[in-house]
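Engineer: Contents of work.cif (mmCIF, C-alpha atoms) are given next:
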```cif
data_my_file
loop_
_atom_site.label_atom_id
_atom_site.label_comp_id
_atom_site.auth_asym_id
_atom_site.auth_seq_id
_atom_site.Cartn_x
_atom_site.Cartn_y
_atom_site.Cartn_z
CA MET A 268 10.32 -3.62 -24.78
CA SER A 269 7.64 -3.47 -27.43
CA GLN A 270 5.15 -0.62 -27.06
CA ARG A 271 1.90 0.26 -28.81
CA THR A 272 0.84 3.67 -30.00
CA PHE A 273 -2.03 5.11 -31.95
CA SER A 274 -1.99 7.06 -35.19
CA ILE A 275 -4.42 8.46 -37.75
CA ILE A 276 -3.78 9.26 -41.38
CA LYS A 277 -5.88 12.42 -41.57
CA PRO A 278 -8.46 13.41 -44.24
CA ASP A 279 -6.08 15.76 -46.09
CA ALA A 280 -3.52 13.00 -46.69
CA VAL A 281 -6.23 10.50 -47.67
CA ARG A 282 -7.75 13.02 -50.13
CA LYS A 283 -4.34 13.67 -51.71
CA GLY A 284 -3.64 9.95 -52.16
CA TYR A 285 -0.77 9.76 -49.63
CA THR A 286 -2.10 6.85 -47.53
CA ALA A 287 0.07 4.13 -49.07
CA ALA A 288 3.19 6.33 -49.00
CA ILE A 289 2.66 7.15 -45.31
CA LEU A 290 2.08 3.48 -44.47
CA ALA A 291 5.31 2.66 -46.32
CA GLU A 292 7.19 5.27 -44.23
CA LEU A 293 5.83 3.71 -41.03
CA GLU A 294 6.81 0.20 -42.05
CA LYS A 295 10.24 1.36 -43.24
CA ALA A 296 10.76 2.85 -39.76
CA GLY A 297 10.10 -0.56 -38.20
CA PHE A 298 6.50 -0.10 -37.06
CA LYS A 299 4.27 -3.17 -37.11
CA ILE A 300 0.67 -2.35 -38.04
CA VAL A 301 -1.37 -4.22 -35.42
CA ALA A 302 -4.76 -2.90 -36.59
CA ILE A 303 -5.97 -0.47 -39.25
CA LYS A 304 -9.28 0.49 -40.79
CA ARG A 305 -10.71 3.07 -43.17
CA ILE A 306 -13.63 4.96 -41.64
CA SER A 307 -15.39 8.30 -41.66
CA ILE A 308 -16.34 9.88 -38.35
CA SER A 309 -19.06 12.38 -37.47
CA ASN A 310 -18.29 15.78 -35.98
CA ALA A 311 -19.63 14.49 -32.63
CA GLN A 312 -17.23 11.52 -32.77
CA ALA A 313 -14.34 13.87 -33.57
CA GLU A 314 -15.36 16.04 -30.61
CA GLY A 315 -15.27 12.98 -28.34
CA PHE A 316 -11.84 11.98 -29.58
CA TYR A 317 -10.38 15.49 -29.21
CA HIS A 318 -12.25 16.33 -25.97
CA VAL A 319 -8.95 17.28 -24.26
CA HIS A 320 -8.76 20.26 -26.65
CA SER A 321 -12.39 21.39 -26.18
CA ALA A 322 -11.41 24.73 -24.59
CA ARG A 323 -8.83 25.55 -27.27
CA PRO A 324 -9.69 28.07 -30.01
CA PHE A 325 -8.93 25.55 -32.79
CA PHE A 326 -11.31 22.85 -31.44
CA GLY A 327 -14.19 23.59 -33.83
CA SER A 328 -12.07 23.74 -36.97
CA LEU A 329 -10.12 20.63 -35.89
CA THR A 330 -13.23 18.53 -35.36
CA GLN A 331 -14.81 19.78 -38.61
CA PHE A 332 -11.62 18.91 -40.48
CA MET A 333 -11.31 15.44 -38.93
CA SER A 334 -14.92 14.65 -39.89
CA SER A 335 -14.52 16.02 -43.44
CA GLY A 336 -13.54 12.74 -45.10
CA PRO A 337 -12.20 9.23 -44.62
CA ILE A 338 -9.40 8.60 -42.12
CA PHE A 339 -7.19 5.62 -41.34
CA PRO A 340 -6.93 5.06 -37.58
CA MET A 341 -4.30 2.47 -36.67
CA VAL A 342 -2.47 0.79 -33.84
CA LEU A 343 1.28 0.59 -34.28
CA GLU A 344 3.84 -1.43 -32.36
CA LYS A 345 7.62 -1.37 -31.91
CA ASP A 346 10.20 -0.63 -29.24
CA ASN A 347 9.84 3.00 -28.11
CA ALA A 348 6.81 3.38 -30.41
CA ILE A 349 5.39 6.62 -28.97
CA ALA A 350 8.63 8.65 -29.08
CA ASP A 351 9.72 7.13 -32.40
CA LEU A 352 6.40 7.95 -34.07
CA ARG A 353 6.49 11.54 -32.79
CA LYS A 354 9.99 11.93 -34.26
CA LEU A 355 8.98 10.34 -37.59
CA MET A 356 5.87 12.55 -37.86
CA GLY A 357 7.80 15.80 -37.37
CA ALA A 358 6.66 19.12 -35.95
CA THR A 359 2.92 19.90 -35.92
CA ASN A 360 3.60 22.77 -38.30
CA PRO A 361 5.15 21.20 -41.42
CA ALA A 362 7.06 24.44 -42.07
CA ASN A 363 9.05 23.63 -38.89
CA ALA A 364 9.33 19.89 -39.50
CA GLU A 365 12.71 18.29 -40.16
CA GLU A 366 13.55 17.01 -43.64
CA GLY A 367 12.50 13.40 -44.13
CA THR A 368 9.61 13.51 -41.66
CA ILE A 369 6.08 12.56 -42.69
CA ARG A 370 4.76 16.08 -42.17
CA LYS A 371 7.60 17.66 -44.15
CA LYS A 372 6.85 15.29 -47.05
CA PHE A 373 3.04 15.12 -46.98
CA ALA A 374 1.47 17.92 -44.90
CA GLY A 375 0.15 21.16 -46.32
CA SER A 376 -0.32 23.30 -43.21
CA ILE A 377 -0.46 23.30 -39.42
CA GLU A 378 -4.18 22.50 -39.69
CA GLU A 379 -3.91 19.88 -42.45
CA ASN A 380 -0.81 18.09 -41.21
CA ALA A 381 -1.39 14.57 -42.60
CA ILE A 382 -0.98 12.44 -39.46
CA HIS A 383 -1.85 12.20 -35.77
CA GLY A 384 0.16 10.29 -33.19
CA SER A 385 -0.34 9.73 -29.46
CA ASP A 386 1.88 11.82 -27.20
CA ALA A 387 2.02 9.56 -24.12
CA GLU A 388 1.12 6.06 -22.90
CA ASP A 389 -2.14 7.14 -21.24
CA THR A 390 -3.17 9.06 -24.36
CA ALA A 391 -2.35 6.05 -26.55
CA ALA A 392 -4.47 3.78 -24.34
CA PHE A 393 -7.48 6.14 -24.59
CA GLU A 394 -7.06 6.68 -28.33
CA ILE A 395 -6.66 2.97 -29.15
CA GLY A 396 -9.77 2.18 -27.10
CA TYR A 397 -11.74 4.96 -28.81
CA PHE A 398 -11.34 3.39 -32.25
CA PHE A 399 -10.62 -0.32 -31.66
CA ALA A 400 -12.39 -3.03 -29.68
CA GLY A 401 -10.31 -5.67 -27.92
CA LEU A 402 -11.04 -8.33 -30.53
CA GLU A 403 -9.64 -6.12 -33.27
CA LEU A 404 -6.28 -6.07 -31.46
CA ALA A 405 -5.93 -9.81 -30.78
#
```
Output the file's structure in the form of structure tokens.
Structural biologist:
Amino acid sequence: MSQRTFSIIKPDAVRKGYTAAILAELEKAGFKIVAIKRISISNAQAEGFYHVHSARPFFGSLTQFMSSGPIFPMVLEKDNAIADLRKLMGATNPANAEEGTIRKKFAGSIEENAIHGSDAEDTAAFEIGYFFAGLELA
């Protein structure tokens, strides 16, 4: 059964010119890109997106980082999309990521780790709705 998930190519990867290479990895892994756009977000918008982490010590640096430059939010689709994307991304800390994963190839640190991906269906639904209106997904 086809499933949708949400992902962001983060500012560090965009700055380093890795966007096309990451998109190629996603497509090679069988993901269909349903919607994608290049935007910059404010710190307040980043805070809204990451509100679930607001009590965590890294919240301020995370939201500053995510609003530091252009990002590519996207909606991806394939069978088992959420779990498959998490596996393809690799561990949050690229030092612990498996060879061949996006973070092992393109991430510089646990903070600047190239890509975000939803961790569950309810998270994906919120995250897709945060960045994309219904018409953009038709």
Engineer: Identify which of the residues A:Thr359, A:Ile300, A:Ala364, A:Ser321 lies closest to Ser274 (chain A), counting all atoms listed in the file when measuring atom-to-atom distances.
Structural biologist: A:Ile300
Engineer: Taking all atoms listed in the file into account, name the residue in A:Pro278, A:Gly297, A:Gly375, A:Pro340 that is nearest to Gly396 (chain A).
Structural biologist: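 Result for the nearest residue to Gly396 (chain A): A:Pro340.
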Engineer: Counting only C-alpha atoms, what is within 9 Å of Phe399 (chain A), bar same-chain residues fewer than 5 positions away, as a ChimeraX atom specification?
Structural biologist: /A:302-303,340-342,394,404
Engineer: Considering all atoms listed in the file, can you say which of A:Ala358, A:Ile338, A:Ile308, A:Ala350 comes closest to Gly284 (chain A)?
Structural biologist: A:Ile338
Engineer: Need to verify the contact set: Lys295 (chain A), 12 Å, only C-alpha atoms, exclusion of same-chain residues closer than 6 positions in sequence. Can you return it as a list in words?
Structural biologist: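 Contacts, with the query itself left out: Ala288, Ile289, Lys345, Leu352, Leu355 and Ile369 of chain A.
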